[in-house]
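Heads up: the structure comes next, in structure tokens.
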Amino acid sequence: MIITTSKPFEEVLKELEGAKSVFLIGCSSCAATCETGGEPQVAEMKAKLEAEGKTVTGAGVYEEVCHELNTKRKFRENKEAVDAADGFLVMCCGAGCQSVREATEKPVHPACNTMFLGNIARLGNFNEKCSLCGDCVLEEFGAICPVTRCHKGILNGPCGGTDDGKCETDREKDCAWTLIYNQLEKEGRLDLYEKIHTVKNWQVSMKPGRVVFQKEGE
Amino acid sequence: MTFFFDGHKKPSIQEILESGTFLVTGEVGPPKGTSLDEMVHHIDLMKDIVHAMNITDNQSSVMRYPSLATALVIKEHGGEPNLQITCRDRNRLAIEADLLFAYSRGVRSVLCLTGDSIPAGDHKDAKGVFDLESVQLLQLMKTMEEGKDLGGNELNEPISFYKGAIVTPEANPIGPQMLKFKKKCEAGAQFFQTQAVYDMDNFKRFMENARKIDDKVKICAGLVLLTGPGAIKYMNANVPGIFVPDNLAQEMADAPKEERLATGIRILARQLRMCIDEKLCDGVHIMAIGKEDVVPDILKEADVDITKL
Ligand code: SF4
Ligand code: SF4
């Protein structure tokens, strides 16, 4: 799931300085779970903006705003409110924002900061475990990702800063290399730990990433 | 290949270690800015009483005068540099280019480090690079010895350095650390300088384990000057991989304020002597961190004269 946090309301207001009227968009997928763009947050934003004298021409919480065709369809269904707005405030991830970008020519404003692809430890507690490197090496590391969970992305064992199983950058975070060691030891596969991993190809999925299904015969 | 500083007569770290001579190195911390007087003073103080001087590379992620430039300053002043390179601030292209430059100017040994994390330093908003890490940096140097860069392209001539790495004898847990030590040896490390050691019994245990893994690689003990009880408390609580045992902490605490530096010098000198007399390791690396002025006193106290080792 894509983890987002809400931008401070003052920052949102600044973004909307030139807009008298605005259409709000939330997302019932990731942003709802992150409590940044679900029904309650969109309703709250509407009230706060109205209290600041803005006209909210409409609001919608869509399923997967990142789905561009879907978002365009929703815009067509809400044509009147969409047309009446000076701009759009998007309460979900940066991908969702840019999906809205494809659906309108008017200004699009982000209401959130997009943090990472996260696992849900429990509600309101998210951790980054995969950073989408395009060449998954989990097999070699007991299914614990050093690219992401080691602050320095080291592929060959702990740095000098590791201490008591914690990372030098943050005593609240586990050192990935202690986790990997313990896991491989449990599995009786410490030989994997001894393998030297040569330089990583960081351009497997060159930014901006693109994947297109190849149909048979094409 | 012609070197720019052909004048130097100092033996290299490789020549010293491989001849079986006990290696004594010091360390220079470049300043923040271009006023180099104090650093040059330290270089002049140390250049003839230690075999070589490490130069830290933006140590603790704090931006400073470059390590590569400092290596040249050391050579200009007749010393032998041991160039530290971290992977935090440069990607593989930049590191390769720096290695070409270093080699062309007669730098002969490089110590490979991954580097401290960005938040530890004074540019907390910067982007850490970490395109490579220490093991891969060692491999990179091996590749360049074969006349190639990491893109697989030919260099117009191969370059080679004596390849160094670090290891942390006090690491907790020690298991992963020793496996990493093994990997570094396999990746081409020819000598090690350890993170600070204070507990000499633990260091002896570490050396036994290390020798079992590789009995040829050269290992030099990292000795860091103690300056006072406050610093000890701080290090024990905050610096990973450094542990000052109670007896040393007590010795420092018992010393009157004006005797503390002298006590630190005495402790370091004692450890240095022990490393030589008990043949614990192949050399020592003295880190006086900010107190480089006292390195001559340390060597005098330990009765160590590198011309007689
Ligand atoms: S190696 Fe790590 S970052 Fe790369 S795809 Fe696998 S889990 Fe994600
Ligand atoms: S302490 Fe562990 S997780 Fe943190 S940077 Fe070092 S090796 Fe990576």
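Naming scheme: A, B, ... for chains in displayed order of the structure tokens; residues 1 onward per chain; ligands 1 onward as shown.
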- prompt: Would you list which chain A residues are within 10 Å of chain B using only C-alpha atoms, as a ChimeraX atom specification?
  reply: /A:151-170,177-178,180-182,190-191,193-202
task: Based on DSSP run over this structure's backbone, return all residues of range 212-306 of chain B in alpha helix (DSSP H), as a PyMOL selection string.
output: chain B and resi 212-213+229-238+246-254+260-277+295-302
Expected answer as a short mmCIF file (atom, residue, chain, number, x, y, z; two decimals) with all heavy atoms, in the first residue's frame: strand (DSSP E or B) residues in range 32-194 of chain A:
data_model
loop_
_atom_site.label_atom_id
_atom_site.label_comp_id
_atom_site.auth_asym_id
_atom_site.auth_seq_id
_atom_site.Cartn_x
_atom_site.Cartn_y
_atom_site.Cartn_z
N THR A 55 -15.51 27.77 -1.85
CA THR A 55 -16.69 27.02 -2.29
C THR A 55 -16.22 25.62 -2.69
O THR A 55 -15.30 25.48 -3.50
CB THR A 55 -17.33 27.69 -3.52
OG1 THR A 55 -17.63 29.03 -3.16
CG2 THR A 55 -18.59 26.95 -3.95
N VAL A 56 -16.81 24.62 -2.09
CA VAL A 56 -16.48 23.25 -2.49
C VAL A 56 -17.59 22.79 -3.44
O VAL A 56 -18.73 22.58 -3.03
CB VAL A 56 -16.36 22.33 -1.26
CG1 VAL A 56 -16.11 20.89 -1.70
CG2 VAL A 56 -15.23 22.82 -0.35
N THR A 57 -17.24 22.71 -4.72
CA THR A 57 -18.28 22.41 -5.73
C THR A 57 -18.69 20.95 -5.69
O THR A 57 -19.75 20.58 -6.17
CB THR A 57 -17.78 22.74 -7.14
OG1 THR A 57 -16.70 21.86 -7.47
CG2 THR A 57 -17.31 24.19 -7.25
N GLY A 58 -17.86 20.12 -5.13
CA GLY A 58 -18.20 18.70 -5.05
C GLY A 58 -17.05 17.93 -4.43
O GLY A 58 -15.95 18.48 -4.25
N ALA A 59 -17.33 16.71 -4.06
CA ALA A 59 -16.27 15.88 -3.47
C ALA A 59 -16.56 14.42 -3.80
O ALA A 59 -17.72 14.00 -3.82
CB ALA A 59 -16.24 16.07 -1.96
N GLY A 60 -15.52 13.67 -4.07
CA GLY A 60 -15.71 12.26 -4.36
C GLY A 60 -14.57 11.44 -3.78
O GLY A 60 -13.42 11.86 -3.82
N VAL A 61 -14.91 10.32 -3.19
CA VAL A 61 -13.87 9.38 -2.73
C VAL A 61 -13.93 8.20 -3.67
O VAL A 61 -14.87 7.41 -3.65
CB VAL A 61 -14.13 8.96 -1.26
CG1 VAL A 61 -13.08 7.93 -0.83
CG2 VAL A 61 -14.09 10.18 -0.35
N TYR A 62 -12.92 8.10 -4.54
CA TYR A 62 -12.93 7.07 -5.58
C TYR A 62 -12.10 5.87 -5.16
O TYR A 62 -11.16 5.99 -4.36
CB TYR A 62 -12.36 7.61 -6.90
CG TYR A 62 -12.96 8.90 -7.39
CD1 TYR A 62 -12.23 9.75 -8.20
CD2 TYR A 62 -14.28 9.26 -7.05
CE1 TYR A 62 -12.77 10.93 -8.67
CE2 TYR A 62 -14.82 10.45 -7.52
CZ TYR A 62 -14.06 11.28 -8.31
OH TYR A 62 -14.58 12.46 -8.77
N GLY A 87 -10.23 24.52 -9.32
CA GLY A 87 -9.10 23.59 -9.21
C GLY A 87 -9.50 22.35 -8.42
O GLY A 87 -10.62 22.24 -7.93
N PHE A 88 -8.52 21.44 -8.29
CA PHE A 88 -8.80 20.16 -7.63
C PHE A 88 -7.83 19.92 -6.50
O PHE A 88 -6.61 20.12 -6.67
CB PHE A 88 -8.68 19.02 -8.66
CG PHE A 88 -9.69 19.15 -9.76
CD1 PHE A 88 -9.45 19.98 -10.84
CD2 PHE A 88 -10.90 18.49 -9.67
CE1 PHE A 88 -10.40 20.14 -11.84
CE2 PHE A 88 -11.85 18.64 -10.66
CZ PHE A 88 -11.61 19.48 -11.75
N LEU A 89 -8.34 19.51 -5.37
CA LEU A 89 -7.47 19.15 -4.25
C LEU A 89 -7.52 17.63 -4.12
O LEU A 89 -8.59 17.06 -3.88
CB LEU A 89 -7.94 19.82 -2.97
CG LEU A 89 -7.04 19.54 -1.75
CD1 LEU A 89 -5.66 20.19 -1.93
CD2 LEU A 89 -7.69 20.04 -0.46
N VAL A 90 -6.35 17.01 -4.28
CA VAL A 90 -6.31 15.55 -4.32
C VAL A 90 -5.74 15.01 -3.01
O VAL A 90 -4.58 15.27 -2.67
CB VAL A 90 -5.49 15.05 -5.52
CG1 VAL A 90 -5.59 13.53 -5.62
CG2 VAL A 90 -5.97 15.70 -6.80
N MET A 91 -6.58 14.28 -2.28
CA MET A 91 -6.20 13.80 -0.95
C MET A 91 -5.78 12.33 -1.03
O MET A 91 -6.40 11.45 -0.42
CB MET A 91 -7.36 14.01 0.02
CG MET A 91 -7.72 15.50 0.14
SD MET A 91 -9.20 15.79 1.09
CE MET A 91 -8.71 15.21 2.71
N VAL A 108 -4.20 21.30 -10.39
CA VAL A 108 -4.38 20.14 -9.50
C VAL A 108 -3.45 20.33 -8.30
O VAL A 108 -2.27 20.62 -8.48
CB VAL A 108 -4.03 18.83 -10.24
CG1 VAL A 108 -4.06 17.64 -9.29
CG2 VAL A 108 -4.99 18.61 -11.41
N HIS A 109 -3.96 20.21 -7.09
CA HIS A 109 -3.16 20.48 -5.89
C HIS A 109 -3.07 19.24 -5.00
O HIS A 109 -4.09 18.63 -4.70
CB HIS A 109 -3.82 21.61 -5.08
CG HIS A 109 -4.09 22.84 -5.89
ND1 HIS A 109 -3.14 23.74 -6.24
CD2 HIS A 109 -5.25 23.27 -6.46
CE1 HIS A 109 -3.68 24.71 -6.97
NE2 HIS A 109 -4.97 24.45 -7.12
N PRO A 110 -1.86 18.90 -4.55
CA PRO A 110 -1.71 17.74 -3.65
C PRO A 110 -2.02 18.13 -2.21
O PRO A 110 -1.56 19.17 -1.73
CB PRO A 110 -0.23 17.38 -3.80
CG PRO A 110 0.43 18.68 -4.13
CD PRO A 110 -0.56 19.52 -4.89
N CYS A 112 -1.44 15.74 0.16
CA CYS A 112 -0.69 14.76 0.95
C CYS A 112 0.78 14.74 0.55
O CYS A 112 1.14 15.17 -0.54
CB CYS A 112 -1.24 13.36 0.71
SG CYS A 112 -2.92 13.16 1.25
N ASN A 113 1.60 14.20 1.44
CA ASN A 113 2.96 13.82 1.09
C ASN A 113 2.97 12.30 0.92
O ASN A 113 2.44 11.58 1.76
CB ASN A 113 3.94 14.24 2.17
CG ASN A 113 4.08 15.75 2.23
OD1 ASN A 113 4.14 16.41 1.19
ND2 ASN A 113 4.13 16.31 3.43
N THR A 114 3.56 11.85 -0.17
CA THR A 114 3.60 10.42 -0.43
C THR A 114 4.92 9.88 0.10
O THR A 114 5.99 10.37 -0.28
CB THR A 114 3.47 10.16 -1.94
OG1 THR A 114 2.31 10.86 -2.39
CG2 THR A 114 3.35 8.69 -2.24
N MET A 115 4.84 8.92 1.01
CA MET A 115 6.03 8.52 1.76
C MET A 115 6.73 7.29 1.20
O MET A 115 7.91 7.34 0.90
CB MET A 115 5.65 8.24 3.22
CG MET A 115 4.84 9.35 3.89
SD MET A 115 5.69 10.95 3.92
CE MET A 115 6.94 10.64 5.14
N PHE A 116 6.03 6.19 1.10
CA PHE A 116 6.68 4.96 0.65
C PHE A 116 5.64 3.87 0.40
O PHE A 116 4.48 4.03 0.76
CB PHE A 116 7.72 4.47 1.66
CG PHE A 116 7.23 4.41 3.10
CD1 PHE A 116 6.51 3.31 3.56
CD2 PHE A 116 7.48 5.45 3.99
CE1 PHE A 116 6.06 3.25 4.87
CE2 PHE A 116 7.03 5.39 5.31
CZ PHE A 116 6.32 4.29 5.75
N LEU A 117 6.11 2.80 -0.20
CA LEU A 117 5.30 1.60 -0.31
C LEU A 117 5.41 0.92 1.04
O LEU A 117 6.52 0.56 1.46
CB LEU A 117 5.87 0.70 -1.41
CG LEU A 117 5.33 -0.72 -1.47
CD1 LEU A 117 3.84 -0.74 -1.75
CD2 LEU A 117 6.07 -1.52 -2.55
N GLY A 118 4.31 0.78 1.74
CA GLY A 118 4.42 0.33 3.12
C GLY A 118 3.66 -0.94 3.45
O GLY A 118 2.67 -1.28 2.80
N ASN A 119 4.17 -1.61 4.48
CA ASN A 119 3.42 -2.72 5.07
C ASN A 119 2.64 -2.17 6.25
O ASN A 119 3.10 -1.24 6.91
CB ASN A 119 4.39 -3.79 5.56
CG ASN A 119 5.04 -4.55 4.43
OD1 ASN A 119 5.44 -3.96 3.43
ND2 ASN A 119 5.16 -5.84 4.60
N ILE A 120 1.49 -2.77 6.51
CA ILE A 120 0.69 -2.33 7.65
C ILE A 120 1.00 -3.26 8.81
O ILE A 120 0.65 -4.44 8.78
CB ILE A 120 -0.82 -2.41 7.32
CG1 ILE A 120 -1.10 -1.68 6.00
CG2 ILE A 120 -1.66 -1.85 8.46
CD1 ILE A 120 -2.50 -1.88 5.48
N ALA A 121 1.72 -2.73 9.82
CA ALA A 121 2.03 -3.55 10.99
C ALA A 121 0.74 -3.71 11.80
O ALA A 121 0.37 -4.79 12.24
CB ALA A 121 3.12 -2.90 11.83
N ARG A 122 0.09 -2.60 12.03
CA ARG A 122 -1.27 -2.58 12.54
C ARG A 122 -1.81 -1.21 12.17
O ARG A 122 -1.07 -0.39 11.61
CB ARG A 122 -1.33 -2.82 14.06
CG ARG A 122 -0.44 -1.91 14.86
CD ARG A 122 -0.49 -2.25 16.34
NE ARG A 122 0.50 -1.44 17.03
CZ ARG A 122 1.79 -1.73 17.10
NH1 ARG A 122 2.25 -2.84 16.53
NH2 ARG A 122 2.64 -0.92 17.72
N ASN A 125 0.23 2.14 11.75
CA ASN A 125 1.64 1.81 11.97
C ASN A 125 2.18 1.13 10.70
O ASN A 125 1.91 -0.05 10.46
CB ASN A 125 1.75 0.89 13.19
CG ASN A 125 3.19 0.64 13.58
OD1 ASN A 125 4.10 0.71 12.75
ND2 ASN A 125 3.41 0.32 14.85
N PHE A 126 2.88 1.91 9.91
CA PHE A 126 3.30 1.44 8.59
C PHE A 126 4.83 1.40 8.50
O PHE A 126 5.51 2.28 9.01
CB PHE A 126 2.77 2.39 7.51
CG PHE A 126 1.30 2.68 7.64
CD1 PHE A 126 0.88 3.93 8.06
CD2 PHE A 126 0.35 1.71 7.35
CE1 PHE A 126 -0.47 4.21 8.19
CE2 PHE A 126 -1.00 1.99 7.48
CZ PHE A 126 -1.43 3.24 7.90
N ASN A 127 5.35 0.39 7.83
CA ASN A 127 6.80 0.26 7.67
C ASN A 127 7.16 -0.01 6.23
O ASN A 127 6.48 -0.78 5.54
CB ASN A 127 7.32 -0.90 8.53
CG ASN A 127 7.12 -0.64 10.00
OD1 ASN A 127 7.65 0.33 10.54
ND2 ASN A 127 6.32 -1.46 10.65
N GLU A 128 8.26 0.60 5.81
CA GLU A 128 8.73 0.39 4.45
C GLU A 128 9.59 -0.87 4.41
O GLU A 128 10.56 -0.99 5.14
CB GLU A 128 9.55 1.60 3.99
CG GLU A 128 9.99 1.49 2.54
CD GLU A 128 10.77 2.71 2.07
OE1 GLU A 128 11.33 3.44 2.91
OE2 GLU A 128 10.81 2.93 0.84
N ASP A 163 24.37 -1.79 16.10
CA ASP A 163 24.60 -1.97 17.53
C ASP A 163 23.43 -2.69 18.17
O ASP A 163 22.30 -2.21 18.13
CB ASP A 163 24.81 -0.60 18.19
CG ASP A 163 25.50 -0.73 19.54
OD1 ASP A 163 26.07 -1.81 19.81
OD2 ASP A 163 25.48 0.23 20.32
N LYS A 166 20.32 -2.94 16.33
CA LYS A 166 19.63 -1.72 15.89
C LYS A 166 20.48 -0.96 14.88
O LYS A 166 21.68 -1.14 14.79
CB LYS A 166 19.34 -0.81 17.10
CG LYS A 166 18.39 -1.46 18.12
CD LYS A 166 17.02 -1.69 17.52
CE LYS A 166 16.12 -2.47 18.47
NZ LYS A 166 14.89 -2.95 17.82
N CYS A 167 19.81 -0.05 14.15
CA CYS A 167 20.50 0.71 13.10
C CYS A 167 21.12 1.97 13.66
O CYS A 167 20.55 2.62 14.54
CB CYS A 167 19.52 1.06 11.99
SG CYS A 167 20.25 2.09 10.70
N ASP A 170 18.86 5.14 13.72
CA ASP A 170 17.64 5.24 14.51
C ASP A 170 17.54 4.02 15.41
O ASP A 170 17.38 2.89 14.93
CB ASP A 170 16.44 5.30 13.55
CG ASP A 170 15.13 5.55 14.29
OD1 ASP A 170 15.07 5.35 15.52
OD2 ASP A 170 14.16 5.94 13.61
N ARG A 171 17.66 4.23 16.69
CA ARG A 171 17.66 3.11 17.65
C ARG A 171 16.30 2.41 17.70
O ARG A 171 16.17 1.34 18.31
CB ARG A 171 18.05 3.61 19.04
CG ARG A 171 19.49 4.05 19.11
CD ARG A 171 20.43 2.84 19.21
NE ARG A 171 21.80 3.20 18.89
CZ ARG A 171 22.54 2.64 17.94
NH1 ARG A 171 22.05 1.67 17.21
NH2 ARG A 171 23.76 3.02 17.71
N GLU A 172 15.29 3.02 17.09
CA GLU A 172 13.96 2.39 17.06
C GLU A 172 13.85 1.41 15.88
O GLU A 172 12.88 0.66 15.78
CB GLU A 172 12.86 3.45 16.91
CG GLU A 172 12.82 4.49 18.02
CD GLU A 172 12.33 3.88 19.33
OE1 GLU A 172 11.29 3.22 19.30
OE2 GLU A 172 13.03 4.03 20.35
N LYS A 173 14.84 1.49 14.98
CA LYS A 173 14.75 0.64 13.79
C LYS A 173 15.73 -0.52 13.91
O LYS A 173 16.87 -0.36 14.33
CB LYS A 173 15.05 1.45 12.53
CG LYS A 173 13.94 2.43 12.18
CD LYS A 173 14.25 3.18 10.90
CE LYS A 173 13.15 4.20 10.61
NZ LYS A 173 13.58 5.19 9.61
N ASP A 174 15.25 -1.69 13.47
CA ASP A 174 16.13 -2.86 13.48
C ASP A 174 17.19 -2.72 12.40
O ASP A 174 16.93 -2.18 11.33
CB ASP A 174 15.32 -4.13 13.18
CG ASP A 174 14.36 -4.45 14.32
OD1 ASP A 174 14.74 -4.23 15.48
OD2 ASP A 174 13.24 -4.92 14.04
#
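Computed from the coordinates, the CA of Gly26 in chain B to CA of Gly79 in chain B distance equals 10.9 Å.
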- request: Return as an MDAnalysis selection string the residues of protein, DNA or RNA that approach ligand 1 to within 10 Å, with only C-alpha atoms and all ligand atoms taken into account.
  value: chainID A and resid 117 128:141 143:149 153 155 202
Would you write out those residues with N, CA and C atoms, as an mmCIF file, in the first residue's frame?
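Generated file (result39.cif):
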data_model
loop_
_atom_site.group_PDB
_atom_site.id
_atom_site.type_symbol
_atom_site.label_atom_id
_atom_site.label_comp_id
_atom_site.auth_asym_id
_atom_site.auth_seq_id
_atom_site.Cartn_x
_atom_site.Cartn_y
_atom_site.Cartn_z
ATOM 1 N N LEU A 117 6.112 2.801 -0.203
ATOM 2 C CA LEU A 117 5.302 1.598 -0.310
ATOM 3 C C LEU A 117 5.411 0.917 1.044
ATOM 4 N N GLU A 128 8.257 0.603 5.809
ATOM 5 C CA GLU A 128 8.730 0.387 4.453
ATOM 6 C C GLU A 128 9.588 -0.873 4.407
ATOM 7 N N LYS A 129 9.230 -1.795 3.540
ATOM 8 C CA LYS A 129 9.993 -3.037 3.442
ATOM 9 C C LYS A 129 10.466 -3.323 2.025
ATOM 10 N N CYS A 130 9.913 -2.623 1.058
ATOM 11 C CA CYS A 130 10.332 -2.801 -0.336
ATOM 12 C C CYS A 130 10.385 -1.430 -0.978
ATOM 13 N N SER A 131 11.483 -1.144 -1.688
ATOM 14 C CA SER A 131 11.569 0.158 -2.345
ATOM 15 C C SER A 131 11.555 0.014 -3.861
ATOM 16 N N LEU A 132 10.983 -1.068 -4.342
ATOM 17 C CA LEU A 132 10.660 -1.192 -5.766
ATOM 18 C C LEU A 132 11.896 -1.077 -6.655
ATOM 19 N N CYS A 133 12.927 -1.878 -6.371
ATOM 20 C CA CYS A 133 14.192 -1.687 -7.084
ATOM 21 C C CYS A 133 14.193 -2.297 -8.479
ATOM 22 N N GLY A 134 13.214 -3.127 -8.769
ATOM 23 C CA GLY A 134 13.121 -3.651 -10.132
ATOM 24 C C GLY A 134 13.897 -4.935 -10.372
ATOM 25 N N ASP A 135 14.666 -5.370 -9.376
ATOM 26 C CA ASP A 135 15.434 -6.602 -9.538
ATOM 27 C C ASP A 135 15.457 -7.274 -8.169
ATOM 28 N N CYS A 136 14.405 -7.984 -7.866
ATOM 29 C CA CYS A 136 14.205 -8.449 -6.494
ATOM 30 C C CYS A 136 15.233 -9.497 -6.082
ATOM 31 N N VAL A 137 15.914 -9.214 -4.985
ATOM 32 C CA VAL A 137 16.964 -10.106 -4.502
ATOM 33 C C VAL A 137 16.569 -10.776 -3.174
ATOM 34 N N LEU A 138 15.300 -10.729 -2.837
ATOM 35 C CA LEU A 138 14.851 -11.277 -1.546
ATOM 36 C C LEU A 138 15.275 -12.732 -1.346
ATOM 37 N N GLU A 139 15.314 -13.482 -2.432
ATOM 38 C CA GLU A 139 15.658 -14.898 -2.356
ATOM 39 C C GLU A 139 16.981 -15.123 -1.620
ATOM 40 N N GLU A 140 17.902 -14.208 -1.807
ATOM 41 C CA GLU A 140 19.249 -14.382 -1.264
ATOM 42 C C GLU A 140 19.368 -13.928 0.197
ATOM 43 N N PHE A 141 18.322 -13.287 0.711
ATOM 44 C CA PHE A 141 18.466 -12.645 2.019
ATOM 45 C C PHE A 141 17.370 -13.048 3.006
ATOM 46 N N ALA A 143 14.330 -13.416 2.594
ATOM 47 C CA ALA A 143 13.119 -12.614 2.386
ATOM 48 C C ALA A 143 13.055 -11.395 3.310
ATOM 49 N N ILE A 144 14.237 -10.810 3.554
ATOM 50 C CA ILE A 144 14.312 -9.535 4.276
ATOM 51 C C ILE A 144 15.144 -8.618 3.382
ATOM 52 N N CYS A 145 14.583 -7.514 2.974
ATOM 53 C CA CYS A 145 15.199 -6.714 1.912
ATOM 54 C C CYS A 145 16.287 -5.765 2.429
ATOM 55 N N PRO A 146 17.562 -6.018 2.075
ATOM 56 C CA PRO A 146 18.629 -5.106 2.511
ATOM 57 C C PRO A 146 18.606 -3.793 1.718
ATOM 58 N N VAL A 147 18.109 -3.846 0.509
ATOM 59 C CA VAL A 147 18.078 -2.632 -0.321
ATOM 60 C C VAL A 147 17.260 -1.552 0.389
ATOM 61 N N THR A 148 16.213 -1.992 1.064
ATOM 62 C CA THR A 148 15.283 -1.059 1.687
ATOM 63 C C THR A 148 15.475 -0.954 3.193
ATOM 64 N N ARG A 149 15.655 -2.087 3.833
ATOM 65 C CA ARG A 149 15.610 -2.081 5.292
ATOM 66 C C ARG A 149 16.963 -1.797 5.929
ATOM 67 N N GLY A 153 21.434 0.523 2.184
ATOM 68 C CA GLY A 153 21.217 -0.413 1.078
ATOM 69 C C GLY A 153 22.392 -1.342 0.843
ATOM 70 N N LEU A 155 24.593 -4.571 0.516
ATOM 71 C CA LEU A 155 24.237 -5.931 0.110
ATOM 72 C C LEU A 155 25.159 -6.990 0.715
ATOM 73 N N TRP A 202 21.168 -0.413 -10.647
ATOM 74 C CA TRP A 202 20.129 0.491 -10.123
ATOM 75 C C TRP A 202 19.220 1.015 -11.228
#
